[in-house]
>>> print(open('start.txt').read())   # compact mmCIF, C-alpha atoms and all ligand atoms
# COMPACT_ATOMS: atom_id res chain seq x y z
CA MET L 1 -23.23 15.49 23.76
CA SER L 2 -20.95 15.80 20.75
CA PRO L 3 -20.90 12.83 18.37
CA PHE L 4 -17.21 13.53 17.75
CA PRO L 5 -14.16 12.07 19.56
CA GLU L 6 -11.86 13.96 21.93
CA ASP L 7 -8.90 13.03 19.75
CA ILE L 8 -9.31 15.22 16.67
CA TYR L 9 -5.93 14.37 15.14
CA THR L 10 -5.51 10.59 14.88
CA GLU L 11 -6.41 9.43 11.38
CA GLN L 12 -7.91 6.07 10.38
CA GLU L 13 -6.12 3.85 7.95
CA ALA L 14 -7.47 4.53 4.47
CA SER L 15 -7.77 2.12 1.57
CA PRO L 16 -5.83 3.10 -1.57
CA ASP L 17 -8.76 1.79 -3.68
CA THR L 18 -11.51 4.44 -3.66
CA LEU L 19 -13.83 2.65 -6.10
CA ALA L 20 -14.10 -0.29 -3.64
CA ASN L 21 -15.06 2.03 -0.77
CA LEU L 22 -17.61 4.46 -2.20
CA GLY L 23 -20.72 2.93 -0.61
CA PRO L 24 -23.83 4.25 -2.41
CA LEU L 25 -21.70 6.59 -4.53
CA ARG L 26 -20.13 3.66 -6.39
CA ARG L 27 -23.12 3.70 -8.74
CA LEU L 28 -22.39 7.33 -9.69
CA ALA L 29 -18.79 6.74 -10.78
CA GLY L 30 -18.16 7.14 -14.51
CA THR L 31 -19.18 9.40 -17.36
CA TRP L 32 -22.88 9.95 -17.99
CA GLU L 33 -24.96 11.60 -20.68
CA SER L 34 -28.57 12.45 -21.45
CA ARG L 35 -30.49 14.61 -23.87
CA ALA L 36 -33.72 14.56 -21.89
CA GLY L 37 -33.19 17.11 -19.07
CA ILE L 38 -35.97 19.52 -18.08
CA ASP L 39 -35.25 22.88 -16.43
CA ILE L 40 -37.77 25.29 -14.90
CA ASN L 41 -35.99 28.61 -14.33
CA PRO L 42 -37.05 32.13 -13.28
CA LYS L 43 -37.71 34.70 -16.03
CA PRO L 44 -39.40 38.15 -15.76
CA ASP L 45 -42.67 36.86 -17.32
CA GLY L 46 -42.78 33.76 -15.10
CA PRO L 47 -41.27 30.28 -15.11
CA GLN L 48 -39.43 29.24 -18.26
CA ARG L 49 -39.33 25.53 -19.16
CA ARG L 50 -36.33 24.41 -21.20
CA GLU L 51 -35.07 21.02 -22.31
CA TYR L 52 -31.35 20.34 -22.06
CA SER L 53 -28.59 17.87 -22.80
CA GLU L 54 -26.13 17.02 -20.07
CA ARG L 55 -22.77 15.35 -19.56
CA ILE L 56 -21.44 14.52 -16.08
CA VAL L 57 -17.96 13.15 -15.41
CA LEU L 58 -17.51 11.64 -11.91
CA GLU L 59 -14.01 10.32 -11.17
CA PRO L 60 -12.66 8.80 -7.93
CA ILE L 61 -10.25 10.85 -5.80
CA ASP L 62 -7.87 9.53 -3.14
CA ALA L 63 -9.32 9.06 0.37
CA GLN L 64 -9.42 12.25 2.43
CA SER L 65 -9.06 12.56 6.21
CA ASN L 66 -10.31 15.32 8.53
CA GLY L 67 -8.43 13.88 11.51
CA PRO L 68 -10.49 10.78 12.39
CA GLN L 69 -13.18 11.53 9.77
CA LEU L 70 -12.39 9.38 6.74
CA LEU L 71 -14.04 10.23 3.43
CA TYR L 72 -14.05 8.54 0.03
CA GLY L 73 -15.31 10.49 -2.94
CA LEU L 74 -15.76 11.49 -6.53
CA ARG L 75 -14.81 14.76 -8.22
CA TYR L 76 -17.43 15.83 -10.75
CA HIS L 77 -18.01 18.24 -13.57
CA THR L 78 -21.45 18.82 -15.07
CA HIS L 79 -21.85 20.57 -18.40
CA ILE L 80 -25.28 21.41 -19.76
CA LEU L 81 -26.36 22.78 -23.14
CA ALA L 82 -29.77 23.88 -24.39
CA PRO L 83 -30.81 22.43 -27.78
CA GLY L 84 -29.40 24.35 -30.75
CA GLU L 85 -27.27 26.64 -28.57
CA ASP L 86 -23.47 26.59 -28.24
CA ALA L 87 -23.35 28.71 -25.08
CA THR L 88 -23.23 26.82 -21.78
CA PHE L 89 -26.66 26.60 -20.15
CA HIS L 90 -25.35 25.40 -16.78
CA ASP L 91 -21.89 24.46 -15.48
CA GLN L 92 -21.11 22.92 -12.10
CA THR L 93 -18.17 21.33 -10.33
CA GLY L 94 -17.58 19.76 -6.94
CA TYR L 95 -17.28 16.52 -5.00
CA TRP L 96 -19.56 13.74 -3.86
CA LEU L 97 -18.28 12.35 -0.54
CA TRP L 98 -19.08 9.28 1.59
CA GLU L 99 -18.13 8.65 5.21
CA PRO L 100 -18.46 4.86 5.72
CA ALA L 101 -18.36 5.13 9.54
CA THR L 102 -21.55 7.21 9.76
CA GLY L 103 -23.35 6.88 6.41
CA LEU L 104 -22.91 10.62 5.80
CA VAL L 105 -23.19 11.58 2.13
CA MET L 106 -22.19 15.07 1.00
CA GLN L 107 -22.19 17.01 -2.27
CA THR L 108 -20.24 20.19 -2.71
CA LEU L 109 -21.35 22.36 -5.60
CA SER L 110 -19.84 25.37 -7.18
CA ILE L 111 -21.64 27.32 -9.91
CA PRO L 112 -19.91 30.03 -11.95
CA ARG L 113 -22.56 32.61 -11.18
CA GLY L 114 -20.85 33.10 -7.80
CA GLN L 115 -22.52 30.45 -5.74
CA VAL L 116 -21.37 27.50 -3.62
CA ALA L 117 -23.18 25.00 -1.42
CA LEU L 118 -22.51 21.97 0.76
CA ALA L 119 -25.45 19.56 0.90
CA ALA L 120 -25.70 16.51 3.18
CA GLY L 121 -27.82 13.45 3.88
CA HIS L 122 -27.45 9.91 5.20
CA ALA L 123 -27.69 6.58 3.39
CA SER L 124 -26.71 2.95 3.70
CA ALA L 125 -23.97 1.50 1.50
CA ASP L 126 -26.57 -0.32 -0.66
CA ALA L 127 -29.09 2.54 -0.83
CA THR L 128 -31.14 2.84 -4.01
CA GLU L 129 -32.06 6.46 -3.28
CA LEU L 130 -30.15 9.49 -1.94
CA VAL L 131 -31.61 12.74 -0.59
CA LEU L 132 -29.28 15.62 0.30
CA THR L 133 -30.19 19.14 1.40
CA ALA L 134 -28.55 22.50 2.10
CA GLN L 135 -30.12 25.59 3.68
CA ARG L 136 -29.14 29.25 3.36
CA GLY L 137 -27.93 30.58 6.73
CA GLN L 138 -26.58 27.24 7.92
CA THR L 139 -22.88 27.24 8.74
CA GLU L 140 -22.55 23.45 8.36
CA TYR L 141 -24.59 22.43 5.33
CA GLY L 142 -25.31 25.81 3.77
CA ILE L 143 -25.41 27.98 0.66
CA CYS L 144 -23.27 31.02 -0.07
CA SER L 145 -24.03 33.44 -2.93
CA THR L 146 -22.81 36.77 -4.33
CA ALA L 147 -24.26 39.98 -2.89
CA PHE L 148 -26.21 40.49 -6.14
CA LEU L 149 -27.77 37.01 -5.97
CA GLU L 150 -28.66 37.64 -2.33
CA TYR L 151 -30.40 40.88 -3.44
CA ALA L 152 -32.15 39.66 -6.59
CA PHE L 153 -32.33 35.84 -6.61
CA ARG L 154 -31.79 34.70 -3.02
CA THR L 155 -31.32 30.93 -2.81
CA ASP L 156 -32.99 29.69 0.38
CA SER L 157 -32.60 25.94 -0.04
CA TYR L 158 -31.22 23.22 -2.23
CA ARG L 159 -32.35 19.60 -2.36
CA ILE L 160 -31.19 16.78 -4.61
CA GLU L 161 -32.90 13.42 -4.83
CA ILE L 162 -31.21 10.62 -6.76
CA VAL L 163 -32.78 7.27 -7.63
CA PHE L 164 -30.61 4.43 -8.92
CA ASN L 165 -32.61 2.63 -11.59
CA PRO L 166 -32.51 -1.17 -12.10
CA ASP L 167 -31.02 -0.74 -15.61
CA GLY L 168 -27.92 1.05 -14.20
CA SER L 169 -29.03 4.56 -15.11
CA TRP L 170 -29.85 7.09 -12.38
CA SER L 171 -32.38 9.90 -12.18
CA TYR L 172 -32.19 13.14 -10.24
CA VAL L 173 -34.57 15.90 -9.24
CA LEU L 174 -32.98 19.19 -8.04
CA ASP L 175 -35.12 21.71 -6.21
CA THR L 176 -33.48 25.09 -5.67
CA VAL L 177 -35.90 27.42 -3.86
CA LEU L 178 -35.30 31.05 -4.85
CA ARG L 179 -36.70 34.29 -3.47
CA VAL L 180 -36.88 36.44 -6.61
CA ARG L 181 -36.94 40.18 -5.91
CA GLY L 182 -40.40 41.67 -6.47
CA ARG L 183 -42.24 38.34 -6.15
CA GLU L 184 -44.27 37.27 -3.16
CA GLU L 185 -44.10 33.50 -3.60
CA PRO L 186 -40.91 31.43 -3.42
CA PHE L 187 -39.85 30.15 -6.84
CA VAL L 188 -39.00 26.44 -7.15
CA HIS L 189 -36.21 26.27 -9.75
CA ARG L 190 -36.45 22.58 -10.67
CA ASP L 191 -34.20 20.42 -12.82
CA ARG L 192 -34.55 16.76 -13.59
CA ASN L 193 -32.84 14.22 -15.76
CA THR L 194 -31.96 10.54 -16.16
CA MET L 195 -28.29 9.84 -16.79
CA VAL L 196 -26.98 6.92 -18.87
CA LYS L 197 -23.40 5.65 -18.53
CA VAL L 198 -21.13 6.23 -21.54
CA ALA L 199 -17.75 5.38 -19.93
CA GLU L 200 -16.45 3.58 -16.85
CA PRO L 201 -14.43 5.55 -14.26
CA GLY L 202 -10.66 5.33 -14.14
CA PRO L 203 -8.83 4.44 -10.89
CA ASN L 204 -8.04 7.12 -8.28
CA PRO L 205 -4.43 8.41 -8.40
CA LEU L 206 -3.19 6.24 -5.50
CA ALA L 207 -4.80 3.07 -6.92
CA LEU L 208 -3.08 3.84 -10.23
CA ALA L 209 0.29 4.21 -8.48
CA ARG L 210 -0.20 1.01 -6.42
CA PRO L 211 -2.10 -1.52 -8.57
CA ARG L 212 -3.65 -4.45 -6.71
CA GLY L 213 -2.33 -8.01 -7.01
C1 LIG L 301 -29.38 21.11 -14.04
C2 LIG L 301 -29.10 22.15 -13.31
C3 LIG L 301 -29.44 23.58 -13.60
C4 LIG L 301 -29.78 24.21 -14.77
C5 LIG L 301 -29.91 23.59 -16.15
C6 LIG L 301 -29.99 25.60 -14.46
C7 LIG L 301 -30.36 26.56 -15.37
C8 LIG L 301 -30.69 27.85 -15.05
C9 LIG L 301 -31.14 28.86 -15.98
C10 LIG L 301 -31.29 28.67 -17.48
C11 LIG L 301 -31.37 30.00 -15.29
C12 LIG L 301 -31.85 31.36 -15.84
C13 LIG L 301 -30.62 32.15 -16.16
C14 LIG L 301 -30.88 33.50 -16.77
O1 LIG L 301 -32.02 33.88 -16.95
O2 LIG L 301 -29.90 34.17 -17.09
C15 LIG L 301 -31.08 29.73 -13.90
C16 LIG L 301 -31.18 30.62 -12.87
C17 LIG L 301 -30.68 30.43 -11.60
N1 LIG L 301 -30.16 29.28 -11.11
FE1 LIG L 301 -30.03 27.52 -12.09
N2 LIG L 301 -29.79 25.78 -13.12
C18 LIG L 301 -29.45 24.59 -12.57
C19 LIG L 301 -29.15 24.35 -11.24
C20 LIG L 301 -29.01 25.31 -10.29
C21 LIG L 301 -28.53 25.08 -8.95
C22 LIG L 301 -28.11 23.72 -8.41
C23 LIG L 301 -28.52 26.29 -8.31
C24 LIG L 301 -28.10 26.67 -6.92
C25 LIG L 301 -27.90 25.83 -5.93
C26 LIG L 301 -29.00 27.27 -9.26
C27 LIG L 301 -29.16 28.61 -8.98
C28 LIG L 301 -29.75 29.51 -9.83
C29 LIG L 301 -30.03 30.88 -9.47
C30 LIG L 301 -29.71 31.56 -8.13
C31 LIG L 301 -30.63 31.45 -10.59
C32 LIG L 301 -31.16 32.90 -10.70
C33 LIG L 301 -30.09 33.82 -11.17
C34 LIG L 301 -30.31 34.38 -12.53
O3 LIG L 301 -31.31 34.09 -13.19
O4 LIG L 301 -29.43 35.13 -12.96
N3 LIG L 301 -29.29 26.63 -10.44
N4 LIG L 301 -30.67 28.41 -13.78
>>> encode(input="start.txt", output="structure tokens", more="lines below")
Ligand code: HEM
Amino acid sequence: MSPFPEDIYTEQEASPDTLANLGPLRRLAGTWESRAGIDINPKPDGPQRREYSERIVLEPIDAQSNGPQLLYGLRYHTHILAPGEDATFHDQTGYWLWEPATGLVMQTLSIPRGQVALAAGHASADATELVLTAQRGQTEYGICSTAFLEYAFRTDSYRIEIVFNPDGSWSYVLDTVLRVRGREEPFVHRDRNTMVKVAEPGPNPLALARPRG
């Protein structure tokens, strides 16, 4: 039986204040930095381990409705540099989304090497940990890559685990499992970091237009 209603058009009433309705994503809102990232990436001679510095901006957007499905979320941009290098090491944009009615958490990610993914998981509003996954070949929570990446560096799965630390920072581990052409074993492209807040988030556009009180 489908978990979805017959009426696919009627929308729920949404709050204009996204920051008050983000559930577990509230703790991600703001601007974050760290110089202590570790990346394991595929190179011809084997895995390469690099340190990196990272800045992530996560700002609230106005509530979004897919008919009755009501989502609150954050738009993010991640920018990563390797020490001593000016060229971008990794760049990523997308949204973190929360559906209060079901506890569904989603992350969309878009990487400028021609790759997009939609990862999903479930959590409670006061969760201290989030786990989201996406699988290649899935039409719901999947991964889509360029024809070259499919040929040479096929991405079979993506998993992100976030832990909210008692001091207000949060840590992530990303596992992107690649099938690298010419290699028998899957390659686990792993990134991890702990992010420290450097600025609070601003209000979402509707909250700015209609201040409370
Ligand atoms: C903190 C996050 C990440 C960092 C710092 C990072 C960094 C890197 C680096 C340095 C390479 C090697 C690039 C080269 O040799 O030219 C690489 C390869 C790759 N990454 Fe990531 N990555 C991150 C996250 C991701 C994610 C989330 C995905 C996909 C969901 C992804 C997909 C790939 C793929 C498919 C390759 C192989 C393609 C290639 O080497 O040209 N990466 N990554």
>>> residues_around(input="start.txt", residues="Arg49 (chain L)", least_positions_apart="4", cutoff="10 Å", atoms="all atoms listed in the file", output="number ranges by chain")
L: 38-43, 189-191
>>> residues_near_ligand(input="start.txt", ligand="ligand LIG 301 (chain L)", cutoff="7 Å", atoms="only C-alpha atoms and all ligand atoms", output="ChimeraX atom specification")
/L:39,41-43,52,80,89-90,115,117,149,153-155,158,174,176,178,189,191-192
>>> atom_distance(input="start.txt", atom1="CA of Leu132 (chain L)", atom2="CA of Pro166 (chain L)")
21.1 Å
>>> closest_residue(input="start.txt", among="L:Gly168, L:Gly182, L:Gly103, L:Gly84", to="Ala152 (chain L)", atoms="all atoms listed in the file")
L:Gly182
>>> atom_distance(input="start.txt", atom1="CA of Val198 (chain L)", atom2="CA of Glu99 (chain L)")
27.0 Å
>>> atom_distance(input="start.txt", atom1="CA of Gln48 (chain L)", atom2="CA of Asp91 (chain L)")
18.4 Å
>>> closest_residue(input="start.txt", among="L:Val196, L:Pro16, L:Ala125, L:Glu85", to="Arg55 (chain L)", atoms="only C-alpha atoms")
L:Val196
>>> residues_around(input="start.txt", residues="Glu200 (chain L)", least_positions_apart="4", cutoff="9 Å", atoms="all atoms listed in the file", output="PyMOL selection string")
chain L and resi 29-31
>>> residues_around(input="start.txt", residues="Pro5 (chain L)", least_positions_apart="4", cutoff="12 Å", atoms="all atoms listed in the file", output="list in words")
Met1, Tyr9, Thr10, Glu11, Gly67, Pro68 and Gln69 of chain L
>>> closest_residue(input="start.txt", among="L:Tyr95, L:Tyr141, L:Phe148, L:Phe4", to="Gln107 (chain L)", atoms="only C-alpha atoms")
L:Tyr95
>>> closest_residue(input="start.txt", among="L:Ile8, L:Val163, L:Ile61, L:Val180", to="Ala20 (chain L)", atoms="all atoms listed in the file")
L:Ile61
>>> closest_residue(input="start.txt", among="L:Ile56, L:Ser15, L:Pro47, L:Thr128", to="Pro201 (chain L)", atoms="only C-alpha atoms")
L:Ile56
>>> residues_around(input="start.txt", residues="Leu104 (chain L)", least_positions_apart="2", cutoff="12 Å", atoms="only C-alpha atoms", output="ChimeraX atom specification")
/L:22-25,69-73,96-102,106-107,119-125,130-132,141
>>> closest_residue(input="start.txt", among="L:Glu185, L:Asp175, L:Glu54, L:Asp45", to="Gln135 (chain L)", atoms="only C-alpha atoms")
L:Asp175
>>> decode(input="start.txt", residues="region 152-168 of chain L", atoms="C-alpha atoms", output="PDB file, in the first residue's frame")
ATOM      1  CA  ALA L 152      36.186   5.564 -15.630  1.00  0.00           C
ATOM      2  CA  PHE L 153      35.122   6.377 -12.048  1.00  0.00           C
ATOM      3  CA  ARG L 154      31.644   4.908 -11.588  1.00  0.00           C
ATOM      4  CA  THR L 155      30.064   6.059  -8.316  1.00  0.00           C
ATOM      5  CA  ASP L 156      28.036   3.167  -6.880  1.00  0.00           C
ATOM      6  CA  SER L 157      27.007   4.632  -3.536  1.00  0.00           C
ATOM      7  CA  TYR L 158      27.179   7.669  -1.332  1.00  0.00           C
ATOM      8  CA  ARG L 159      26.761   7.774   2.442  1.00  0.00           C
ATOM      9  CA  ILE L 160      27.059  10.693   4.827  1.00  0.00           C
ATOM     10  CA  GLU L 161      27.096  10.351   8.591  1.00  0.00           C
ATOM     11  CA  ILE L 162      26.869  13.482  10.727  1.00  0.00           C
ATOM     12  CA  VAL L 163      27.358  13.627  14.496  1.00  0.00           C
ATOM     13  CA  PHE L 164      26.353  16.748  16.419  1.00  0.00           C
ATOM     14  CA  ASN L 165      28.977  17.271  19.118  1.00  0.00           C
ATOM     15  CA  PRO L 166      28.150  18.583  22.629  1.00  0.00           C
ATOM     16  CA  ASP L 167      30.277  21.724  22.033  1.00  0.00           C
ATOM     17  CA  GLY L 168      28.078  22.796  19.066  1.00  0.00           C
TER      18      GLY L 168
END
